[in-house]
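Chemist: Data: upload06.txt, compact mmCIF, C-alpha atoms.
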# COMPACT_ATOMS: atom_id res chain seq x y z
CA MET A 11 -7.33 -23.26 0.99
CA ALA A 12 -5.26 -21.54 -1.73
CA ILE A 13 -1.97 -23.12 -2.80
CA SER A 14 0.92 -21.29 -1.16
CA LEU A 15 4.58 -21.59 -2.23
CA SER A 16 7.02 -19.98 0.24
CA ILE A 17 10.60 -19.03 -0.63
CA VAL A 18 12.99 -19.72 2.26
CA GLY A 19 16.72 -19.65 2.84
CA ARG A 20 19.45 -17.81 4.69
CA PRO A 21 19.89 -14.04 4.23
CA ASN A 22 21.16 -12.65 0.92
CA VAL A 23 20.72 -15.72 -1.30
CA GLY A 24 18.34 -13.89 -3.66
CA LYS A 25 14.90 -14.86 -2.34
CA SER A 26 13.29 -11.50 -3.10
CA THR A 27 14.80 -11.44 -6.60
CA LEU A 28 13.34 -14.89 -7.24
CA PHE A 29 10.00 -13.75 -5.77
CA ASN A 30 9.89 -10.83 -8.22
CA ARG A 31 10.87 -13.14 -11.09
CA LEU A 32 8.06 -15.61 -10.34
CA LEU A 33 5.52 -12.79 -10.11
CA GLY A 34 6.80 -11.19 -13.30
CA LYS A 35 7.07 -7.76 -11.71
CA ARG A 36 9.18 -5.89 -9.19
CA THR A 37 7.25 -6.13 -5.92
CA ALA A 38 9.77 -6.86 -3.16
CA ILE A 39 12.70 -4.53 -2.44
CA VAL A 40 15.99 -6.03 -3.61
CA ASN A 41 19.37 -4.96 -2.25
CA ASN A 42 22.77 -6.60 -1.82
CA SER A 43 22.64 -5.98 1.94
CA PRO A 44 21.51 -9.02 3.95
CA GLY A 45 18.29 -8.78 5.97
CA VAL A 46 16.40 -6.35 3.71
CA THR A 47 13.20 -8.41 3.83
CA ARG A 48 11.49 -8.50 7.24
CA ASP A 49 7.75 -9.05 6.93
CA PHE A 50 6.79 -11.89 4.63
CA GLN A 51 5.17 -10.68 1.43
CA GLU A 52 2.63 -12.43 -0.77
CA GLY A 53 1.83 -12.24 -4.46
CA LYS A 54 -0.02 -14.26 -7.09
CA SER A 55 1.78 -16.11 -9.88
CA GLU A 56 -0.04 -17.35 -12.96
CA THR A 57 2.06 -19.59 -15.16
CA LEU A 58 1.78 -22.84 -17.09
CA GLY A 59 -1.98 -22.76 -16.61
CA MET A 60 -1.64 -22.64 -12.82
CA SER A 61 -2.47 -19.93 -10.31
CA PHE A 62 -0.79 -20.04 -6.91
CA LYS A 63 0.36 -17.73 -4.12
CA VAL A 64 4.08 -17.02 -3.76
CA VAL A 65 5.45 -15.88 -0.40
CA ASP A 66 8.75 -14.04 0.06
CA THR A 67 10.18 -14.56 3.56
CA ALA A 68 12.94 -12.96 5.57
CA GLY A 69 16.35 -14.59 5.79
CA TRP A 70 16.18 -17.71 7.96
CA ASP A 71 18.34 -17.09 11.03
CA THR A 72 18.52 -20.05 13.42
CA ARG A 73 20.29 -17.98 16.10
CA PRO A 74 18.53 -14.60 16.47
CA VAL A 75 20.48 -12.27 18.77
CA ASN A 76 17.83 -9.65 19.62
CA GLU A 77 14.08 -9.18 19.91
CA LEU A 78 13.66 -7.86 16.35
CA GLU A 79 15.52 -10.82 14.81
CA GLU A 80 13.46 -13.18 16.97
CA SER A 81 10.24 -11.55 15.69
CA ILE A 82 11.44 -11.76 12.08
CA PHE A 83 12.28 -15.46 12.49
CA ARG A 84 8.87 -16.08 14.07
CA MET A 85 7.17 -14.45 11.05
CA THR A 86 9.18 -16.65 8.66
CA ARG A 87 8.18 -19.80 10.55
CA LYS A 88 4.56 -18.62 10.48
CA ALA A 89 4.69 -18.33 6.69
CA VAL A 90 6.30 -21.78 6.40
CA ASP A 91 3.62 -23.37 8.58
CA LYS A 92 0.92 -22.09 6.21
CA SER A 93 2.70 -23.25 3.04
CA SER A 94 1.71 -25.99 0.63
CA ALA A 95 5.30 -26.32 -0.61
CA LEU A 96 8.67 -24.59 -0.19
CA LEU A 97 11.43 -23.27 -2.42
CA PHE A 98 14.63 -23.71 -0.41
CA VAL A 99 17.16 -21.30 -1.94
CA VAL A 100 20.92 -21.66 -1.55
CA ASP A 101 23.73 -19.53 -3.02
CA ALA A 102 25.67 -21.33 -5.75
CA ARG A 103 28.47 -18.74 -5.59
CA SER A 104 29.28 -18.88 -1.89
CA GLY A 105 28.52 -22.59 -1.56
CA ILE A 106 26.76 -24.53 1.17
CA LEU A 107 27.29 -23.02 4.62
CA PRO A 108 26.59 -24.57 8.05
CA ILE A 109 23.42 -22.49 8.35
CA ASP A 110 22.11 -24.07 5.13
CA LEU A 111 22.48 -27.49 6.77
CA GLU A 112 20.64 -26.25 9.87
CA ILE A 113 17.80 -24.85 7.75
CA SER A 114 17.61 -28.10 5.82
CA GLN A 115 17.26 -30.08 9.04
CA SER A 116 14.49 -27.76 10.26
CA LEU A 117 12.59 -28.01 6.97
CA ARG A 118 12.78 -31.80 7.04
CA LYS A 119 10.71 -31.74 10.26
CA GLN A 120 7.93 -29.72 8.58
CA ASN A 121 6.65 -32.56 6.38
CA ILE A 122 6.15 -30.09 3.50
CA PRO A 123 7.32 -30.71 -0.10
CA VAL A 124 10.60 -28.91 -0.79
CA ILE A 125 12.16 -27.84 -4.11
CA LEU A 126 15.85 -27.05 -3.76
CA VAL A 127 16.99 -24.00 -5.77
CA ALA A 128 20.64 -23.09 -6.40
CA ASN A 129 20.52 -19.37 -7.21
CA LYS A 130 23.26 -17.14 -8.68
CA ALA A 131 24.33 -19.98 -10.98
CA GLU A 132 24.89 -17.73 -14.01
CA SER A 133 28.66 -18.28 -13.87
CA ARG A 134 30.95 -21.20 -13.09
CA ILE A 135 30.38 -22.55 -9.60
CA GLN A 136 32.81 -24.22 -7.19
CA ASP A 137 33.75 -27.82 -8.05
CA SER A 138 32.76 -28.96 -4.57
CA PHE A 139 29.32 -27.34 -4.73
CA GLU A 140 27.59 -30.19 -6.54
CA THR A 141 28.72 -32.63 -3.86
CA ASP A 142 27.90 -30.29 -0.98
CA VAL A 143 24.42 -29.46 -2.27
CA LEU A 144 23.54 -33.16 -2.58
CA ASN A 145 24.49 -33.59 1.08
CA LEU A 146 21.47 -31.48 1.97
CA GLY A 147 19.38 -34.49 1.04
CA TRP A 148 16.91 -32.86 -1.35
CA GLY A 149 18.32 -34.26 -4.56
CA GLU A 150 19.51 -32.33 -7.60
CA PRO A 151 18.73 -28.60 -7.28
CA ALA A 152 17.19 -26.36 -9.92
CA TYR A 153 20.11 -24.18 -11.08
CA VAL A 154 18.86 -20.64 -11.76
CA SER A 155 19.87 -17.03 -11.96
CA ALA A 156 16.90 -15.11 -10.60
CA GLU A 157 18.53 -11.83 -11.58
CA HIS A 158 18.98 -12.79 -15.24
CA GLY A 159 16.10 -15.26 -15.63
CA THR A 160 18.33 -18.23 -16.45
CA GLY A 161 16.89 -21.64 -15.56
CA ILE A 162 13.51 -20.26 -14.51
CA SER A 163 11.58 -22.34 -17.07
CA ASN A 164 13.08 -25.54 -15.62
CA LEU A 165 12.18 -24.37 -12.11
CA LEU A 166 8.60 -23.68 -13.19
CA ASP A 167 8.35 -27.23 -14.54
CA GLN A 168 9.41 -28.55 -11.15
CA ILE A 169 6.93 -26.28 -9.39
CA GLN A 170 4.14 -27.47 -11.68
CA HIS A 171 5.04 -31.11 -10.99
CA CYS A 172 5.14 -30.47 -7.22
CA LEU A 173 1.85 -28.57 -7.04
CA ARG A 174 -0.04 -30.92 -9.34
CA SER A 175 -1.15 -32.99 -6.34
CA PHE A 176 -2.86 -30.00 -4.72
CA PRO A 177 -6.47 -29.10 -5.67
CA LEU A 178 -6.51 -25.83 -7.59
CA GLU A 179 -9.09 -23.26 -6.58
CA GLU A 180 -10.73 -20.94 -9.04
CA ASP A 181 -9.72 -17.36 -8.31
CA ASN A 182 -12.33 -14.74 -9.17
CA SER A 183 -10.57 -11.84 -7.49
CA VAL A 184 -9.34 -8.82 -9.40
CA ASP A 185 -5.56 -8.44 -9.52
CA LEU A 186 -5.40 -4.74 -8.83
CA SER A 187 -1.63 -4.63 -9.01
CA GLN A 188 -2.07 -4.90 -12.79
CA THR A 189 -4.50 -1.97 -12.89
CA ASP A 190 -3.39 1.42 -14.06
CA PRO A 191 -4.60 3.98 -11.49
CA GLU A 192 -5.50 6.31 -14.34
CA ASP A 193 -8.07 3.77 -15.52
CA ASN A 194 -9.87 4.14 -12.19
CA GLU A 195 -10.46 7.80 -12.82
CA ASN A 196 -12.05 7.38 -16.25
CA ASP A 197 -14.85 4.99 -15.47
CA PHE A 198 -18.05 5.76 -13.58
CA ASP A 199 -19.07 2.09 -13.55
CA ILE A 200 -16.56 0.67 -11.07
CA PRO A 201 -17.35 -2.97 -10.14
CA ARG A 202 -18.76 -2.93 -6.62
CA HIS A 203 -17.47 -6.42 -5.85
CA ARG A 204 -13.95 -5.04 -6.10
CA PRO A 205 -12.13 -4.80 -2.74
CA ILE A 206 -11.51 -1.30 -1.40
CA LYS A 207 -7.79 -0.60 -1.61
CA ILE A 208 -6.51 1.16 1.50
CA ALA A 209 -2.97 2.41 2.18
CA VAL A 210 -1.85 3.31 5.70
CA ILE A 211 0.92 5.90 5.63
CA GLY A 212 2.66 8.21 8.07
CA ARG A 213 5.93 9.03 9.73
CA PRO A 214 8.10 6.28 11.28
CA ASN A 215 6.78 4.79 14.52
CA ALA A 216 3.26 6.20 14.13
CA GLY A 217 1.86 2.69 14.67
CA LYS A 218 0.89 1.72 11.11
CA SER A 219 1.72 -1.99 11.42
CA SER A 220 0.10 -2.22 14.86
CA LEU A 221 -3.09 -0.65 13.52
CA ILE A 222 -3.28 -3.07 10.59
CA ASN A 223 -2.67 -6.06 12.88
CA GLN A 224 -5.66 -4.97 14.97
CA ILE A 225 -7.84 -4.47 11.88
CA ILE A 226 -7.12 -7.95 10.50
CA GLY A 227 -7.10 -9.60 13.94
CA ASP A 228 -3.71 -11.26 13.47
CA GLU A 229 -0.07 -10.51 14.26
CA ARG A 230 0.66 -10.49 10.55
CA LEU A 231 3.13 -7.59 10.55
CA LEU A 232 6.25 -6.93 12.59
CA THR A 233 5.84 -4.26 15.25
CA GLY A 234 8.13 -2.67 17.81
CA GLU A 235 9.33 0.55 19.37
CA THR A 236 12.23 0.84 16.91
CA PRO A 237 11.34 3.16 13.99
CA GLY A 238 11.82 1.80 10.48
CA ILE A 239 10.95 -1.86 11.03
CA THR A 240 8.67 -1.96 7.98
CA ARG A 241 10.46 -1.77 4.61
CA ASP A 242 8.35 -3.30 1.84
CA ALA A 243 4.85 -2.04 1.09
CA ILE A 244 2.91 -5.15 2.14
CA SER A 245 -0.55 -5.74 0.65
CA ILE A 246 -2.89 -7.80 2.83
CA PRO A 247 -6.29 -8.95 1.52
CA THR A 248 -8.76 -9.14 4.41
CA SER A 249 -12.32 -8.44 5.50
CA TRP A 250 -13.07 -5.31 7.54
CA GLU A 251 -16.52 -5.24 9.13
CA GLY A 252 -17.75 -7.66 6.47
CA THR A 253 -16.33 -5.74 3.48
CA GLU A 254 -13.46 -7.06 1.35
CA VAL A 255 -10.45 -4.75 1.44
CA ASP A 256 -6.76 -4.79 0.48
CA ILE A 257 -4.69 -2.96 3.10
CA TYR A 258 -1.18 -1.72 2.36
CA ASP A 259 1.28 -1.34 5.20
CA THR A 260 4.01 1.11 4.22
CA ALA A 261 7.37 2.20 5.56
CA GLY A 262 7.54 5.39 7.59
CA MET A 263 8.12 8.51 5.51
CA ARG A 264 10.70 10.95 6.84
CA ARG A 265 11.70 14.26 5.33
CA LYS A 266 13.48 13.81 2.02
CA SER A 267 16.62 15.52 3.33
CA ARG A 268 16.94 12.88 6.08
CA VAL A 269 16.61 9.88 3.76
CA VAL A 270 20.14 8.89 2.72
CA ASP A 271 20.07 5.10 2.99
CA GLU A 272 19.34 3.33 -0.32
CA ILE A 273 17.02 0.80 1.31
CA GLU A 274 14.99 3.57 2.96
CA LYS A 275 14.76 5.39 -0.37
CA GLU A 276 13.32 2.25 -1.96
CA SER A 277 10.95 1.79 0.98
CA VAL A 278 9.60 5.31 0.55
CA SER A 279 9.28 4.74 -3.21
CA GLU A 280 7.22 1.61 -2.55
CA GLY A 281 5.03 3.60 -0.15
CA LEU A 282 4.39 6.24 -2.82
CA LYS A 283 3.45 3.48 -5.25
CA ALA A 284 0.98 2.11 -2.70
CA ILE A 285 -0.66 5.55 -2.51
CA ARG A 286 -1.06 5.70 -6.28
CA PHE A 287 -2.72 2.28 -6.41
CA SER A 288 -5.04 2.90 -3.46
CA ASP A 289 -8.59 4.18 -3.27
CA ILE A 290 -8.40 5.51 0.27
CA VAL A 291 -5.30 6.57 2.21
CA ILE A 292 -5.30 6.60 6.00
CA VAL A 293 -2.79 9.23 7.11
CA LEU A 294 -1.77 8.03 10.57
CA ILE A 295 -0.45 10.68 12.98
CA ASP A 296 1.19 10.02 16.34
CA ALA A 297 -0.80 11.91 18.99
CA THR A 298 2.20 11.98 21.35
CA SER A 299 4.36 13.78 18.81
CA PRO A 300 3.81 17.40 17.72
CA LEU A 301 2.05 17.72 14.37
CA ASP A 302 4.99 17.92 12.00
CA THR A 303 5.24 19.53 8.58
CA GLN A 304 6.01 16.02 7.30
CA ASP A 305 2.53 14.86 8.41
CA LEU A 306 1.05 17.70 6.39
CA ARG A 307 3.26 16.95 3.38
CA ILE A 308 2.08 13.33 3.41
CA ALA A 309 -1.58 14.39 3.49
CA ASP A 310 -0.95 16.98 0.75
CA LEU A 311 0.79 14.35 -1.41
CA THR A 312 -2.21 12.04 -1.02
CA GLU A 313 -4.56 14.82 -2.14
CA LYS A 314 -2.39 15.58 -5.19
CA GLU A 315 -2.50 11.89 -6.16
CA GLY A 316 -6.30 12.13 -6.15
CA ARG A 317 -6.92 9.60 -3.38
CA GLY A 318 -9.61 9.82 -0.71
CA VAL A 319 -8.05 10.94 2.59
CA VAL A 320 -8.81 9.79 6.14
CA VAL A 321 -6.75 11.32 8.96
CA ALA A 322 -6.39 9.09 12.02
CA ILE A 323 -4.72 10.14 15.27
CA ASN A 324 -3.09 7.11 16.92
CA LYS A 325 -1.93 6.55 20.53
CA TRP A 326 -4.92 8.57 21.75
CA ASP A 327 -4.90 6.52 24.97
CA LEU A 328 -1.68 8.32 25.98
CA ILE A 329 -3.19 11.83 25.80
CA LYS A 330 -4.42 13.27 29.11
CA ASP A 331 -6.07 16.53 28.05
CA LYS A 332 -7.93 15.09 25.07
CA LYS A 333 -10.25 18.07 24.52
CA ALA A 334 -7.41 20.59 24.20
CA LYS A 335 -5.35 18.27 22.01
CA GLN A 336 -8.31 17.56 19.72
CA SER A 337 -9.04 21.26 19.29
CA ASP A 338 -5.37 22.01 18.56
CA LEU A 339 -5.05 19.24 15.95
CA GLN A 340 -8.32 20.14 14.22
CA HIS A 341 -7.25 23.80 13.95
CA LYS A 342 -3.81 22.94 12.56
CA ILE A 343 -5.18 20.49 10.00
CA GLU A 344 -7.89 22.89 8.78
CA THR A 345 -5.53 25.86 8.45
CA SER A 346 -2.66 23.89 6.91
CA LEU A 347 -4.70 21.79 4.46
CA PRO A 348 -7.38 24.06 2.98
CA GLN A 349 -7.56 21.74 -0.05
CA LEU A 350 -9.09 19.13 2.27
CA LYS A 351 -11.42 21.47 4.09
CA GLY A 352 -13.95 19.78 6.35
CA ILE A 353 -11.86 16.68 6.94
CA LYS A 354 -12.83 14.73 10.04
CA LEU A 355 -10.20 13.49 12.49
CA ILE A 356 -10.59 9.94 13.81
CA PHE A 357 -8.98 9.19 17.17
CA VAL A 358 -7.75 5.63 17.67
CA SER A 359 -5.57 3.48 19.86
CA ALA A 360 -4.00 0.60 17.96
CA ARG A 361 -2.64 -0.76 21.22
CA TYR A 362 -6.07 -1.15 22.82
CA LYS A 363 -8.11 -1.59 19.62
CA ARG A 364 -10.13 1.57 20.22
CA GLY A 365 -11.76 3.71 17.55
CA LEU A 366 -11.53 1.08 14.79
CA LYS A 367 -15.28 1.06 14.11
CA ALA A 368 -15.29 4.84 13.79
CA LEU A 369 -12.27 4.58 11.49
CA TRP A 370 -14.06 2.05 9.29
CA ARG A 371 -17.20 4.22 9.09
CA GLU A 372 -15.05 7.13 7.94
CA VAL A 373 -13.25 4.98 5.35
CA GLN A 374 -16.64 3.90 3.98
CA ALA A 375 -17.96 7.46 3.96
CA ILE A 376 -14.92 8.87 2.13
CA HIS A 377 -15.00 5.99 -0.35
CA GLU A 378 -18.62 6.82 -1.21
CA ILE A 379 -17.80 10.52 -1.53
CA TRP A 380 -14.78 9.72 -3.71
CA ASN A 381 -17.09 7.75 -6.03
CA LYS A 382 -19.94 10.29 -5.90
CA ARG A 383 -21.59 11.53 -9.08
CA ILE A 384 -23.79 14.63 -9.11
CA PRO A 385 -26.50 15.08 -11.77
CA THR A 386 -25.77 17.84 -14.29
CA GLY A 387 -29.07 19.61 -13.49
CA GLU A 388 -28.18 19.93 -9.80
CA LEU A 389 -24.72 21.20 -10.64
CA ASN A 390 -26.01 23.96 -12.88
CA LYS A 391 -28.64 25.09 -10.33
CA TRP A 392 -25.82 25.30 -7.83
CA LEU A 393 -23.66 27.25 -10.29
CA GLU A 394 -26.46 29.73 -10.92
CA HIS A 395 -26.79 30.31 -7.17
CA MET A 396 -23.01 30.76 -6.73
CA VAL A 397 -22.84 33.32 -9.55
CA TYR A 398 -25.87 35.19 -8.18
CA LYS A 399 -24.34 35.33 -4.70
CA HIS A 400 -20.88 36.36 -5.92
CA PRO A 401 -20.58 37.21 -9.64
CA PRO A 402 -17.21 36.71 -11.36
CA PRO A 403 -15.22 39.87 -12.01
CA ALA A 404 -15.35 41.99 -15.15
CA VAL A 405 -12.30 42.22 -17.42
CA ALA A 406 -11.87 45.38 -19.52
CA GLY A 407 -15.49 46.22 -18.77
CA LYS A 408 -16.74 42.83 -19.89
CA ARG A 409 -17.94 40.38 -17.23
CA ILE A 410 -16.74 36.77 -17.31
CA LYS A 411 -19.65 34.44 -17.95
CA LEU A 412 -19.89 30.97 -16.41
CA ARG A 413 -22.15 29.04 -18.79
CA PHE A 414 -22.23 25.35 -17.90
CA ILE A 415 -20.78 22.75 -15.54
CA SER A 416 -20.84 18.96 -15.69
CA GLN A 417 -19.08 16.09 -13.96
CA ILE A 418 -16.70 14.14 -16.16
CA ASN A 419 -15.12 11.72 -13.67
CA THR A 420 -15.24 10.24 -10.22
CA ARG A 421 -12.34 8.90 -8.15
CA PRO A 422 -11.80 11.80 -7.42
CA PRO A 423 -14.85 13.92 -8.36
CA SER A 424 -13.88 15.94 -11.44
CA TYR A 425 -15.83 18.67 -13.22
CA VAL A 426 -15.60 20.77 -16.36
CA LEU A 427 -16.72 24.41 -16.22
CA LYS A 428 -17.32 26.21 -19.51
CA CYS A 429 -16.84 29.94 -19.36
CA SER A 430 -15.84 32.98 -21.38
CA GLN A 431 -12.45 34.70 -20.98
CA LEU A 432 -10.98 31.54 -19.48
CA LYS A 433 -7.53 32.94 -18.77
CA SER A 434 -8.94 35.90 -16.92
CA LEU A 435 -10.84 33.95 -14.27
CA PRO A 436 -8.94 34.56 -11.01
CA THR A 437 -7.57 31.63 -9.01
CA SER A 438 -9.45 32.97 -5.97
CA TYR A 439 -12.77 32.61 -7.82
CA LYS A 440 -11.94 29.05 -8.84
CA ARG A 441 -11.17 28.33 -5.19
CA TYR A 442 -14.53 29.89 -4.27
CA LEU A 443 -16.26 27.44 -6.63
CA VAL A 444 -14.32 24.41 -5.35
CA ASN A 445 -15.18 25.28 -1.74
CA GLY A 446 -18.79 25.78 -2.82
CA LEU A 447 -18.88 22.32 -4.40
CA ARG A 448 -17.41 20.79 -1.27
CA ASN A 449 -19.88 22.51 1.06
CA ARG A 450 -23.02 22.08 -1.06
CA PHE A 451 -22.54 18.43 -2.02
CA GLY A 452 -20.69 17.15 1.05
CA LEU A 453 -17.39 16.40 -0.69
CA ARG A 454 -15.19 16.33 2.41
CA GLY A 455 -12.02 14.27 2.57
CA THR A 456 -11.63 14.01 -1.18
CA PRO A 457 -9.71 16.02 -3.79
CA ILE A 458 -11.86 18.00 -6.23
CA ARG A 459 -10.69 18.62 -9.78
CA LEU A 460 -12.22 21.63 -11.55
CA LEU A 461 -11.17 22.04 -15.18
CA LEU A 462 -11.94 25.21 -17.16
CA ARG A 463 -12.92 25.22 -20.83
CA ASN A 464 -13.51 28.15 -23.16
CA HIS A 465 -17.05 28.62 -24.40
Take the structure in the file and write it out as structure tokens.
Modeler:
Amino acid sequence: MAISLSIVGRPNVGKSTLFNRLLGKRTAIVNNSPGVTRDFQEGKSETLGMSFKVVDTAGWDTRPVNELEESIFRMTRKAVDKSSALLFVVDARSGILPIDLEISQSLRKQNIPVILVANKAESRIQDSFETDVLNLGWGEPAYVSAEHGTGISNLLDQIQHCLRSFPLEEDNSVDLSQTDPEDNENDFDIPRHRPIKIAVIGRPNAGKSSLINQIIGDERLLTGETPGITRDAISIPTSWEGTEVDIYDTAGMRRKSRVVDEIEKESVSEGLKAIRFSDIVIVLIDATSPLDTQDLRIADLTEKEGRGVVVAINKWDLIKDKKAKQSDLQHKIETSLPQLKGIKLIFVSARYKRGLKALWREVQAIHEIWNKRIPTGELNKWLEHMVYKHPPPAVAGKRIKLRFISQINTRPPSYVLKCSQLKSLPTSYKRYLVNGLRNRFGLRGTPIRLLLRNH
């Protein structure tokens, strides 16, 4: 079992800021408002010759007042139960509050090693704080400023000392968060042992978190009828039908004009980042809601980012006239997204775990297409046929000549076409060639890049 270090404490003491500091990158959303973090988030820290998992948890609330707060607290306790050790964070500015004492008492029952951290200690603290913090019973705290990096080296020494008793496991996985997505597009020889990176995106309340919970077989993510529960883009390594995958749960994406809250803006930004770092994007659409222009914008954005696209229709169990609804959705998708012509709709029910095998087969199929390479000889035979069937136009009495085509990249499939009078080739003819490539070589559900070069 991998070493897991969870960061716990009451709301707004700087847990997410400390999480980002330990990972050495900005992963969790940070805001001065309490309760920003909801789902617990995991990341890998490599420091002082050690590799361990760090978990950012929601603010510990011992008296939840509604169902959502109760669910958030349950998720935090779940993360604590799986931890090897804990970082108990208190606020050195505001001092020790009654809730800190309650949390301390709860943690003492867990029989898990605890490192006490006094955050926001960059300036002079209250004279009574040193006495109050010792009353928690965890000894002298590590005084840090997660925001400014002060005291972090001392904290890392304490973490190293605490985790030294745990057996370290060798980690052979690839840390894809450190990978530039542009690198993916310039290498035909992608390691096949690498997990498939999948982002699930869509409008609020489409059922993204519920779908992922069913895929991984665990109530890992918060769900509920209230839109906007998910905030961070949570990456979950798991196995789907025997294949290693990393699945990103993302916040719901509303129209830009409706997004005014700073936290929601950051949530959407994290979702866009998840798209850029993914291989395949599942665009999840609510079958009970009319197909909105925002659904189409999300799918179009995914295509522009060069990711493989799978469109899944959720809540299919609630549709009575399935045949009519299916025909209507297929028509709207095909007419509104010609750049993804031939895309196949997958109908699922996250609530009843229906359609997940079909969804996985489609993810696999699109991933193979997205990585597909076509031999140059086949491409040029195809080009000859396309020109014979529909020759390019003549300009000033001189016909444009298409001389040679070759594939230069995968992920997505990208081609270079050498031709004469480059600037005169109409956009409509380029579209004719792209559609021809898609139809002839079965390139559905993936963007196609066709670059023109003078020859």
Chemist: To one decimal place in Å, what is the distance between atom CA of A:Asp305 and atom CA of A:Val255?
Modeler: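 Taking atom CA of A:Asp305 as the start and atom CA of A:Val255 as the end point, the length is 24.5 Å.
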Chemist: For A:Ala209, please output as a list of chain:residue names all residues within 7 Å (counting only C-alpha atoms; exclusion window: fewer than 2 positions along the same chain).
Modeler: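 Close residues of A:Ala209: A:Lys207, A:Ile211, A:Ile257, A:Tyr258, A:Asp259, A:Ala284, A:Ile285, A:Ser288, A:Ile290, A:Val291, A:Ile292.
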Chemist: Report, in Å to a single decimal, how far apart atom CA of A:Glu344 and atom CA of A:Leu460 are.
Modeler: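 Separating atom CA of A:Leu460 from atom CA of A:Glu344 is a distance of 20.8 Å.
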Chemist: Counting only C-alpha atoms, which of A:Val444, A:Ala12, A:Ala128, A:Val23 gets nearest to A:Thr160?
Modeler: A:Ala128
Chemist: What lies within 12 Å of A:Ser346 using only C-alpha atoms, ignoring chain neighbours under 6 positions off, as a list in words?
Modeler: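 Near neighbours after the sequence-gap exclusion: Leu301, Asp302, Thr303, Gln304, Asp305, Leu306, Arg307, Ala309, Asp310, Leu339, Gln340 and Ile353 of chain A.
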Chemist: Would you please work out which residue, of A:Gly352, A:Tyr362, A:Ala89, A:His341, is nearest to A:Lys325 when using all atoms listed in the file?
Modeler: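 The answer is A:Tyr362, which sits nearest to A:Lys325.
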Chemist: Taking only C-alpha atoms into account, which of A:Leu232, A:Ile222, A:Asn145, A:Thr260 comes nearest A:Pro247?
Modeler: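 Counting only C-alpha atoms, the residue closest to A:Pro247 is A:Ile222.
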Chemist: Give the answer as one residue: which of A:Val124, A:Leu97, A:Leu347, A:Leu173 has the shortest atom-to-atom distance to A:Ile13, using only C-alpha atoms?
Modeler: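 Counting only C-alpha atoms, the residue closest to A:Ile13 is A:Leu173.
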Chemist: If you count only C-alpha atoms, which residues fall within 8 Å of A:Pro123, apart from same-chain ones fewer than 3 positions away, as number ranges by chain?
Modeler: A: 94-96, 172
Chemist: Have a look at A:Gly24, A:Gly34, A:Gly227, A:Gly316 and name the one nearest to A:Lys130; count only C-alpha atoms.
Modeler: A:Gly24
Chemist: Would you mind listing, for every residue of stretch 257-325 of chain A within 8 Å of stretch 372-380 of chain A, the two atoms forming the shortest contact and the distance between them in Å to one decimal, using all atoms listed in the file, sorted by chain and ascending residue number, as a Markdown table?
Modeler:
| residue | atom | partner | partner_atom | distance |
| --- | --- | --- | --- | --- |
| A:Asp289 | CA | A:His377 | CA | 7.3 |
| A:Ile290 | CA | A:His377 | CA | 6.6 |
| A:Arg317 | CA | A:Trp380 | CA | 7.9 |
| A:Gly318 | CA | A:Trp380 | CA | 6.0 |
| A:Val319 | CA | A:Ile376 | CA | 7.2 |
| A:Val320 | CA | A:Val373 | CA | 6.6 |
Chemist: In Å, with one decimal, what is the gap from atom CA of A:Ser16 to atom CA of A:Gly147?
Modeler: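 Distance reported for this atom pair: 19.1 Å.
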Chemist: Excluding A:Arg448 and any residue of its chain fewer than 6 positions from it, enumerate the residues within 9 Å of it, using all atoms listed in the file, and give them as a PDB file with C-alpha atoms, keeping the file's coordinate frame.
Modeler:
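To be explicit, this is the file written out as part16.pdb:
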ATOM      1  CA  LYS A 351     -11.420  21.470   4.090  1.00  0.00           C
ATOM      2  CA  GLY A 352     -13.950  19.780   6.350  1.00  0.00           C
ATOM      3  CA  ARG A 454     -15.190  16.330   2.410  1.00  0.00           C
ATOM      4  CA  THR A 456     -11.630  14.010  -1.180  1.00  0.00           C
ATOM      5  CA  ILE A 458     -11.860  18.000  -6.230  1.00  0.00           C
TER       6      ILE A 458
END
Chemist: Name the residues, using the chain letters and numbers of the file, that sit within 8 Å of (-16.8, 35.4, -16.5) when counting only C-alpha atoms, and give them as a list in words.
Modeler: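 Residues lying no farther than 8 Å from the given point: Pro402, Pro403, Ala404, Arg409, Ile410, Lys411, Leu412, Cys429, Ser430, Gln431, Leu432, Ser434 and Leu435 of chain A.
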Chemist: My list of candidates is A:Lys35, A:Lys433, A:Ile82, A:Ser249. Which is closest to A:Leu231 when distances are computed with only C-alpha atoms?
Modeler: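 Using only C-alpha atoms, the shortest distance to A:Leu231 belongs to A:Ile82.
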